[in-house]
Amino acid sequence: MGKSQLFFAEQNCGIIYYRLECGEKVLYNLVTRMIGNTLQLGLAGLGTVGSGVYETLCRNYKLLEARAQIPFAVKKIAVGNLARKRDIEVDPALLTDDWRELVEDPEIDIIIELIGGTNEAYKLVKAALEAGKPVVTGNKAVLAEYGCELFQLSAEKGTPLYFEASCGGGIPIVQSLQNSLICNKVEYIAGIINGTSNYILTSMKEKGMPFRDALEEAQRLGFAEADPSFDINGWDAAHKALILAMLAYGTPLNTDKIAVYGIERVESIDFKLADQLGYTIKLLVVIKHHADKDSLELRVQPSFVPKEYLLAKVDGVFNAIAVKGDIVGESIFYGRGAGKNPTASAVIGDIVLAMRECRLADYHTGFQPYTKELSVVPMGETVTPYYVRFRVQDRPGVIAAIASKFAKYDVDISATTSTNESVDENGVRRNHLVFMVHACKWVRLKYVLRELADNEYIDRHPAVFRIENFND
Ligand SMILES: NC(=O)c1ccc[n+]([C@@H]2O[C@H](COP(=O)([O-])OP(=O)(O)OC[C@H]3O[C@@H](n4cnc5c(N)ncnc54)[C@H](OP(=O)(O)O)[C@@H]3O)[C@@H](O)[C@H]2O)c1
């Protein structure tokens with residue numbers, strides 16, 4: 001008998017199982033508690049995460065039942081393609097290719113949405129909430145796009161929506177923000193929350209690989225999807241950032257509120273220069289509260305991070321999220337931000353929470369906005385120091401031309417460095433000039449770069465990184 005069959009034998013025939021385990025006397029109480037009292041789960045999606053959830057529910061059923069003190073069973077599983085061959089053993093009678101069957105089944109108490117995407121997933125979550133069924137989801141895209149509407153529906157219906165797995169995979173950041181850190185005003189959240197891009201940047205740093213080679217290696221090793229667009233263009237991290245920002249500041253947000261830049265244009269040379277200057281490069285999510293204006297800074301971009309800061313040491317597919325609260329100070333959550341089992345761990349944490357709350361009629365968490373809509377700081381107004389690298393022709397007057405534009409817009413240079421010259425394919429001598437600049441508004445640096453873009457001796461696309469010095 002395979003593991004999944006054993007699981008269902010255990011639940012459906014609880015009497016046999018407990019007779020074996022506990023003896024006749026205890027059996028009586030357990031059976032009375034279990035009959036008619038088993039919570040029924042409807043699982044939508046049996047891909048990477050869904051299969052991890054199902055397998056773990058099977059493997060650790062006894063442990064979960066003992067800890068949660070609530071018997072449960074998976075009643076139905078919705079998939080996209082019934083004919084697909086699966087790596088895990090599942091009773092075909094459980095499968096359907098119509099998720100509506102889960103929502104419409106009066107015996108199903110809780111819906112777990114793991115189908116991904118924004119279209120069907122949105123319809124499913126909405127239909128489940130409308131039907132009064134608590135939903136567990138790992139879908140950051142659907143929450144970033146439709147979160148405000150879905151959370152409002154959740155409140156209207158008094159039906160919770162759980163989403164731990166939508167941010168940081170196995171890292172328990174959502175429940176930490178909702179519960180453990182509840183008394184804190186959050187000053188900032190800074191994080192590395194996309195494992196694929198962090199893997200690529202780590203390969204570029206450690207093996208000196210160009211971006212394209214590092215991406216291909218990540219794809220070969222299964223750390224990047226065949227279509228990695230959302231991971232490398234920053235939008236996967238941005239979706240998670242929006243969810244974290246909503247949680248930390250209690251304000252509704254959506255995708256047009258966040259400035260997003262990906263890692264496609266990071267070059268190996270910037271890693272070398274960053275290293276010499278005491279930094280490394282990370283795709284960083286920054287969510288910062290500006291208390292003076294009661295507004296939020298929200299951005300995702302490759303940034304210079306001081307080597308000694310903990311986030312700089314987060315390498316490979318690992319994720320980390322730093323939260324600075326006014327009471328707790330800075331806490332850093334580190335772990336696996338994706339993958340079958342880590343994500344299943346977060347989903348099942350939510351399933352158990354949902355089961356417990358099903359037992360407490362008026363207990364309701366999830367996210368509800370509690371403050372007015374906070375304004376978002378325009379990108380041009382955000383302030384950090386910068387690293388700017390120009391590729392230039394090696395000739396007199398170029399440095400002076402650059403320095404004069406910095407002076408014109410009152411952007412202070414804190415240090416400069418350059419690389420040895422080389423001769424390009426056209427026989428022109430070139431080198432890289434690096435300018436470290438003191439904290440200034442982005443809009444001022446943007447004017448500098450715009451004016452220099454017309455200089456025939458300077459390449460049009462300089463490399464620009466923000467320098468994130470935390471706890472300054
Ligand atoms: N993968 C991760 O590491 C990770 C981490 C955190 C969060 N998440 C989130 O978890 C969710 C699932 O991700 P995943 O990686 O497990 O995706 P996946 O491997 O692509 O699996 C998707 C599953 O949904 C099923 N499905 C697709 N459309 C459906 C429909 N209309 N009705 C019913 N079932 C449908 C598919 O069925 P078939 O199997 O028949 O094709 C498949 O089983 C996503 O929202 C993702 O963002 C994933």
# chains A, B, ... in the order shown; residues from 1 in each chain; ligands from 1
call {"tool": "residues_around", "arguments": {"residues": "Asp410 (chain A)", "least_positions_apart": "4", "cutoff": "9 Å", "atoms": "only C-alpha atoms", "output": "number ranges by chain"}}
result
A: 405-406, 440, 444-445
call {"tool": "write_last_selection", "arguments": {"atoms": "all heavy atoms", "output": "PDB file, in the first residue's frame"}}
result
ATOM      1  N   LYS A 405      28.724  68.090 -14.639  1.00  0.00           N
ATOM      2  CA  LYS A 405      27.268  67.823 -14.587  1.00  0.00           C
ATOM      3  C   LYS A 405      26.835  67.468 -13.156  1.00  0.00           C
ATOM      4  O   LYS A 405      25.767  67.862 -12.689  1.00  0.00           O
ATOM      5  CB  LYS A 405      26.887  66.671 -15.535  1.00  0.00           C
ATOM      6  CG  LYS A 405      27.127  66.978 -16.995  1.00  0.00           C
ATOM      7  CD  LYS A 405      26.302  68.137 -17.502  1.00  0.00           C
ATOM      8  CE  LYS A 405      26.629  68.433 -18.952  1.00  0.00           C
ATOM      9  NZ  LYS A 405      26.250  69.763 -19.377  1.00  0.00           N
ATOM     10  N   PHE A 406      27.696  66.704 -12.477  1.00  0.00           N
ATOM     11  CA  PHE A 406      27.370  66.408 -11.071  1.00  0.00           C
ATOM     12  C   PHE A 406      27.246  67.723 -10.290  1.00  0.00           C
ATOM     13  O   PHE A 406      26.314  67.919  -9.518  1.00  0.00           O
ATOM     14  CB  PHE A 406      28.452  65.516 -10.442  1.00  0.00           C
ATOM     15  CG  PHE A 406      28.285  64.046 -10.738  1.00  0.00           C
ATOM     16  CD1 PHE A 406      29.283  63.318 -11.377  1.00  0.00           C
ATOM     17  CD2 PHE A 406      27.137  63.373 -10.359  1.00  0.00           C
ATOM     18  CE1 PHE A 406      29.132  61.961 -11.645  1.00  0.00           C
ATOM     19  CE2 PHE A 406      26.972  62.016 -10.627  1.00  0.00           C
ATOM     20  CZ  PHE A 406      27.970  61.315 -11.264  1.00  0.00           C
ATOM     21  N   CYS A 440      21.419  61.486  -2.419  1.00  0.00           N
ATOM     22  CA  CYS A 440      20.738  62.594  -3.101  1.00  0.00           C
ATOM     23  C   CYS A 440      19.423  62.077  -3.670  1.00  0.00           C
ATOM     24  O   CYS A 440      19.217  60.865  -3.781  1.00  0.00           O
ATOM     25  CB  CYS A 440      21.607  63.152  -4.228  1.00  0.00           C
ATOM     26  SG  CYS A 440      21.791  62.030  -5.617  1.00  0.00           S
ATOM     27  N   ARG A 444      17.676  64.213  -9.157  1.00  0.00           N
ATOM     28  CA  ARG A 444      18.843  65.046  -9.480  1.00  0.00           C
ATOM     29  C   ARG A 444      19.868  64.222 -10.263  1.00  0.00           C
ATOM     30  O   ARG A 444      20.442  64.692 -11.248  1.00  0.00           O
ATOM     31  CB  ARG A 444      19.455  65.614  -8.197  1.00  0.00           C
ATOM     32  CG  ARG A 444      18.609  66.767  -7.675  1.00  0.00           C
ATOM     33  CD  ARG A 444      19.389  67.669  -6.751  1.00  0.00           C
ATOM     34  NE  ARG A 444      19.231  67.252  -5.370  1.00  0.00           N
ATOM     35  CZ  ARG A 444      20.219  67.164  -4.492  1.00  0.00           C
ATOM     36  NH1 ARG A 444      21.456  67.441  -4.869  1.00  0.00           N
ATOM     37  NH2 ARG A 444      19.982  66.794  -3.267  1.00  0.00           N
ATOM     38  N   LEU A 445      20.072  62.990  -9.813  1.00  0.00           N
ATOM     39  CA  LEU A 445      21.026  62.137 -10.540  1.00  0.00           C
ATOM     40  C   LEU A 445      20.499  61.840 -11.950  1.00  0.00           C
ATOM     41  O   LEU A 445      21.255  61.779 -12.924  1.00  0.00           O
ATOM     42  CB  LEU A 445      21.255  60.833  -9.756  1.00  0.00           C
ATOM     43  CG  LEU A 445      22.247  59.869 -10.366  1.00  0.00           C
ATOM     44  CD1 LEU A 445      23.610  60.526 -10.596  1.00  0.00           C
ATOM     45  CD2 LEU A 445      22.431  58.642  -9.476  1.00  0.00           C
TER      46      LEU A 445
END
call {"tool": "select_by_dssp", "arguments": {"residues": "region 278-317 of chain A", "states": "strand (DSSP E)", "output": "VMD selection string"}}
result
chain A and resid 279 to 290 295 to 306
call {"tool": "closest_residue", "arguments": {"among": "A:Ile327, A:Leu296, A:Ala338, A:Val142", "to": "ligand 1", "atoms": "only C-alpha atoms and all ligand atoms"}}
result
A:Ala338
call {"tool": "closest_residue", "arguments": {"among": "A:Ala274, A:Val347, A:Val305, A:Leu283", "to": "ligand 1", "atoms": "only C-alpha atoms and all ligand atoms"}}
result
A:Val347
call {"tool": "residues_around", "arguments": {"residues": "Leu57 (chain A)", "least_positions_apart": "5", "cutoff": "10 Å", "atoms": "only C-alpha atoms", "output": "PyMOL selection string"}}
result
chain A and resi 4+7+51-52+62-65+72-74+344-345+348
call {"tool": "write_last_selection", "arguments": {"atoms": "C-alpha atoms", "output": "compact mmCIF listing (two decimals), in the first residue's frame"}}
result
# COMPACT_ATOMS: atom_id res chain seq x y z
CA SER A 4 -1.23 8.21 0.05
CA PHE A 7 -3.27 8.15 4.58
CA SER A 51 1.97 17.77 -4.70
CA GLY A 52 4.28 18.83 -1.86
CA LYS A 62 -0.45 11.60 12.51
CA LEU A 63 1.79 14.43 13.67
CA LEU A 64 -0.56 17.09 12.33
CA GLU A 65 -3.65 15.49 13.76
CA PHE A 72 -9.10 16.23 8.48
CA ALA A 73 -9.17 14.67 5.03
CA VAL A 74 -8.55 15.79 1.46
CA ALA A 344 4.24 23.16 1.35
CA SER A 345 5.38 23.79 4.92
CA ILE A 348 0.11 23.55 5.69
call {"tool": "select_by_dssp", "arguments": {"residues": "region 259-344 of chain A", "states": "helix (DSSP H, G or I)", "output": "list in words"}}
result
Ser268, Ile269, Asp270, Phe271, Lys272, Leu273, Ala274, Asp275, Gln276, Leu277, Leu310, Leu311, Ala312, Lys313, Lys340, Asn341, Pro342, Thr343 and Ala344 of chain A
call {"tool": "write_last_selection", "arguments": {"atoms": "all heavy atoms", "output": "short mmCIF file (atom, residue, chain, number, x, y, z; two decimals), in the first residue's frame"}}
result
data_model
loop_
_atom_site.label_atom_id
_atom_site.label_comp_id
_atom_site.auth_asym_id
_atom_site.auth_seq_id
_atom_site.Cartn_x
_atom_site.Cartn_y
_atom_site.Cartn_z
N SER A 268 29.18 41.77 -14.94
CA SER A 268 30.21 41.18 -14.08
C SER A 268 31.13 42.26 -13.51
O SER A 268 31.54 42.19 -12.35
CB SER A 268 31.06 40.18 -14.85
OG SER A 268 30.23 39.28 -15.50
N ILE A 269 31.44 43.24 -14.33
CA ILE A 269 32.39 44.27 -13.88
C ILE A 269 31.87 45.01 -12.63
O ILE A 269 32.63 45.40 -11.76
CB ILE A 269 32.69 45.28 -15.01
CG1 ILE A 269 33.78 46.25 -14.54
CG2 ILE A 269 31.46 45.99 -15.51
CD1 ILE A 269 34.28 47.18 -15.60
N ASP A 270 30.54 45.13 -12.52
CA ASP A 270 30.00 45.83 -11.35
C ASP A 270 30.21 45.01 -10.08
O ASP A 270 30.37 45.58 -8.99
CB ASP A 270 28.52 46.14 -11.57
CG ASP A 270 28.35 47.13 -12.71
OD1 ASP A 270 29.03 48.17 -12.70
OD2 ASP A 270 27.58 46.84 -13.65
N PHE A 271 30.22 43.68 -10.21
CA PHE A 271 30.53 42.86 -9.04
C PHE A 271 31.97 43.07 -8.59
O PHE A 271 32.25 43.18 -7.40
CB PHE A 271 30.29 41.37 -9.36
CG PHE A 271 28.86 40.99 -9.14
CD1 PHE A 271 28.00 40.83 -10.21
CD2 PHE A 271 28.37 40.79 -7.86
CE1 PHE A 271 26.68 40.49 -10.00
CE2 PHE A 271 27.05 40.45 -7.64
CZ PHE A 271 26.20 40.30 -8.73
N LYS A 272 32.89 43.14 -9.58
CA LYS A 272 34.31 43.34 -9.23
C LYS A 272 34.49 44.68 -8.54
O LYS A 272 35.12 44.78 -7.49
CB LYS A 272 35.16 43.32 -10.51
CG LYS A 272 35.42 41.92 -11.02
CD LYS A 272 36.51 41.94 -12.09
CE LYS A 272 36.32 40.73 -12.99
NZ LYS A 272 36.22 41.02 -14.39
N LEU A 273 33.87 45.70 -9.12
CA LEU A 273 34.03 47.04 -8.54
C LEU A 273 33.34 47.13 -7.18
O LEU A 273 33.85 47.72 -6.25
CB LEU A 273 33.49 48.09 -9.52
CG LEU A 273 34.35 48.25 -10.77
CD1 LEU A 273 33.59 48.96 -11.88
CD2 LEU A 273 35.63 49.04 -10.44
N ALA A 274 32.16 46.50 -7.09
CA ALA A 274 31.44 46.51 -5.81
C ALA A 274 32.32 45.87 -4.74
O ALA A 274 32.45 46.39 -3.62
CB ALA A 274 30.13 45.74 -5.95
N ASP A 275 32.94 44.76 -5.09
CA ASP A 275 33.79 44.03 -4.14
C ASP A 275 34.93 44.94 -3.65
O ASP A 275 35.18 45.03 -2.45
CB ASP A 275 34.32 42.78 -4.84
CG ASP A 275 35.06 41.89 -3.87
OD1 ASP A 275 34.45 41.54 -2.84
OD2 ASP A 275 36.24 41.59 -4.13
N GLN A 276 35.58 45.61 -4.61
CA GLN A 276 36.69 46.51 -4.22
C GLN A 276 36.21 47.62 -3.29
O GLN A 276 36.94 48.08 -2.43
CB GLN A 276 37.29 47.16 -5.47
CG GLN A 276 38.14 46.22 -6.30
CD GLN A 276 38.44 46.84 -7.68
OE1 GLN A 276 38.34 48.04 -7.87
NE2 GLN A 276 38.79 45.98 -8.63
N LEU A 277 34.97 48.03 -3.47
CA LEU A 277 34.46 49.15 -2.68
C LEU A 277 33.79 48.71 -1.37
O LEU A 277 33.27 49.53 -0.61
CB LEU A 277 33.43 49.93 -3.53
CG LEU A 277 34.01 50.63 -4.77
CD1 LEU A 277 32.91 50.97 -5.77
CD2 LEU A 277 34.76 51.88 -4.36
N LEU A 310 24.04 41.51 7.06
CA LEU A 310 23.62 40.11 6.93
C LEU A 310 23.01 39.78 5.57
O LEU A 310 23.24 38.72 5.01
CB LEU A 310 22.60 39.78 8.02
CG LEU A 310 23.15 39.11 9.28
CD1 LEU A 310 22.03 38.86 10.28
CD2 LEU A 310 23.84 37.81 8.94
N LEU A 311 22.23 40.71 5.02
CA LEU A 311 21.58 40.41 3.74
C LEU A 311 22.60 40.17 2.63
O LEU A 311 22.33 39.45 1.67
CB LEU A 311 20.64 41.54 3.32
CG LEU A 311 19.35 41.72 4.12
CD1 LEU A 311 18.44 42.72 3.43
CD2 LEU A 311 18.60 40.42 4.31
N ALA A 312 23.78 40.77 2.75
CA ALA A 312 24.81 40.59 1.71
C ALA A 312 25.32 39.15 1.69
O ALA A 312 25.86 38.68 0.70
CB ALA A 312 25.98 41.54 1.96
N LYS A 313 25.13 38.45 2.81
CA LYS A 313 25.65 37.08 2.91
C LYS A 313 24.61 36.03 2.52
O LYS A 313 24.83 34.84 2.63
CB LYS A 313 26.13 36.82 4.34
CG LYS A 313 27.20 37.81 4.80
CD LYS A 313 27.62 37.51 6.24
CE LYS A 313 28.13 38.71 6.99
NZ LYS A 313 29.25 39.42 6.47
N LYS A 340 9.19 22.92 -3.60
CA LYS A 340 8.05 22.07 -3.23
C LYS A 340 7.84 21.98 -1.70
O LYS A 340 6.78 22.35 -1.19
CB LYS A 340 8.35 20.69 -3.82
CG LYS A 340 7.37 19.62 -3.53
CD LYS A 340 7.79 18.37 -4.30
CE LYS A 340 7.04 17.16 -3.82
NZ LYS A 340 7.37 15.97 -4.61
N ASN A 341 8.85 21.51 -0.98
CA ASN A 341 8.64 21.26 0.44
C ASN A 341 8.60 22.52 1.31
O ASN A 341 7.71 22.65 2.14
CB ASN A 341 9.67 20.26 0.97
CG ASN A 341 9.34 18.86 0.46
OD1 ASN A 341 8.19 18.56 0.15
ND2 ASN A 341 10.34 18.02 0.35
N PRO A 342 9.55 23.46 1.12
CA PRO A 342 9.46 24.67 1.94
C PRO A 342 8.11 25.37 1.76
O PRO A 342 7.50 25.84 2.73
CB PRO A 342 10.60 25.55 1.44
CG PRO A 342 11.57 24.59 0.83
CD PRO A 342 10.77 23.46 0.28
N THR A 343 7.63 25.43 0.52
CA THR A 343 6.36 26.14 0.30
C THR A 343 5.20 25.34 0.89
O THR A 343 4.28 25.90 1.49
CB THR A 343 6.16 26.41 -1.21
OG1 THR A 343 7.37 26.95 -1.74
CG2 THR A 343 5.03 27.38 -1.45
N ALA A 344 5.28 24.00 0.76
CA ALA A 344 4.24 23.16 1.35
C ALA A 344 4.18 23.38 2.86
O ALA A 344 3.10 23.41 3.46
CB ALA A 344 4.52 21.69 1.04
#
call {"tool": "closest_residue", "arguments": {"among": "A:Met246, A:Leu253, A:Ala131, A:Val266", "to": "Met209 (chain A)", "atoms": "only C-alpha atoms"}}
result
A:Val266
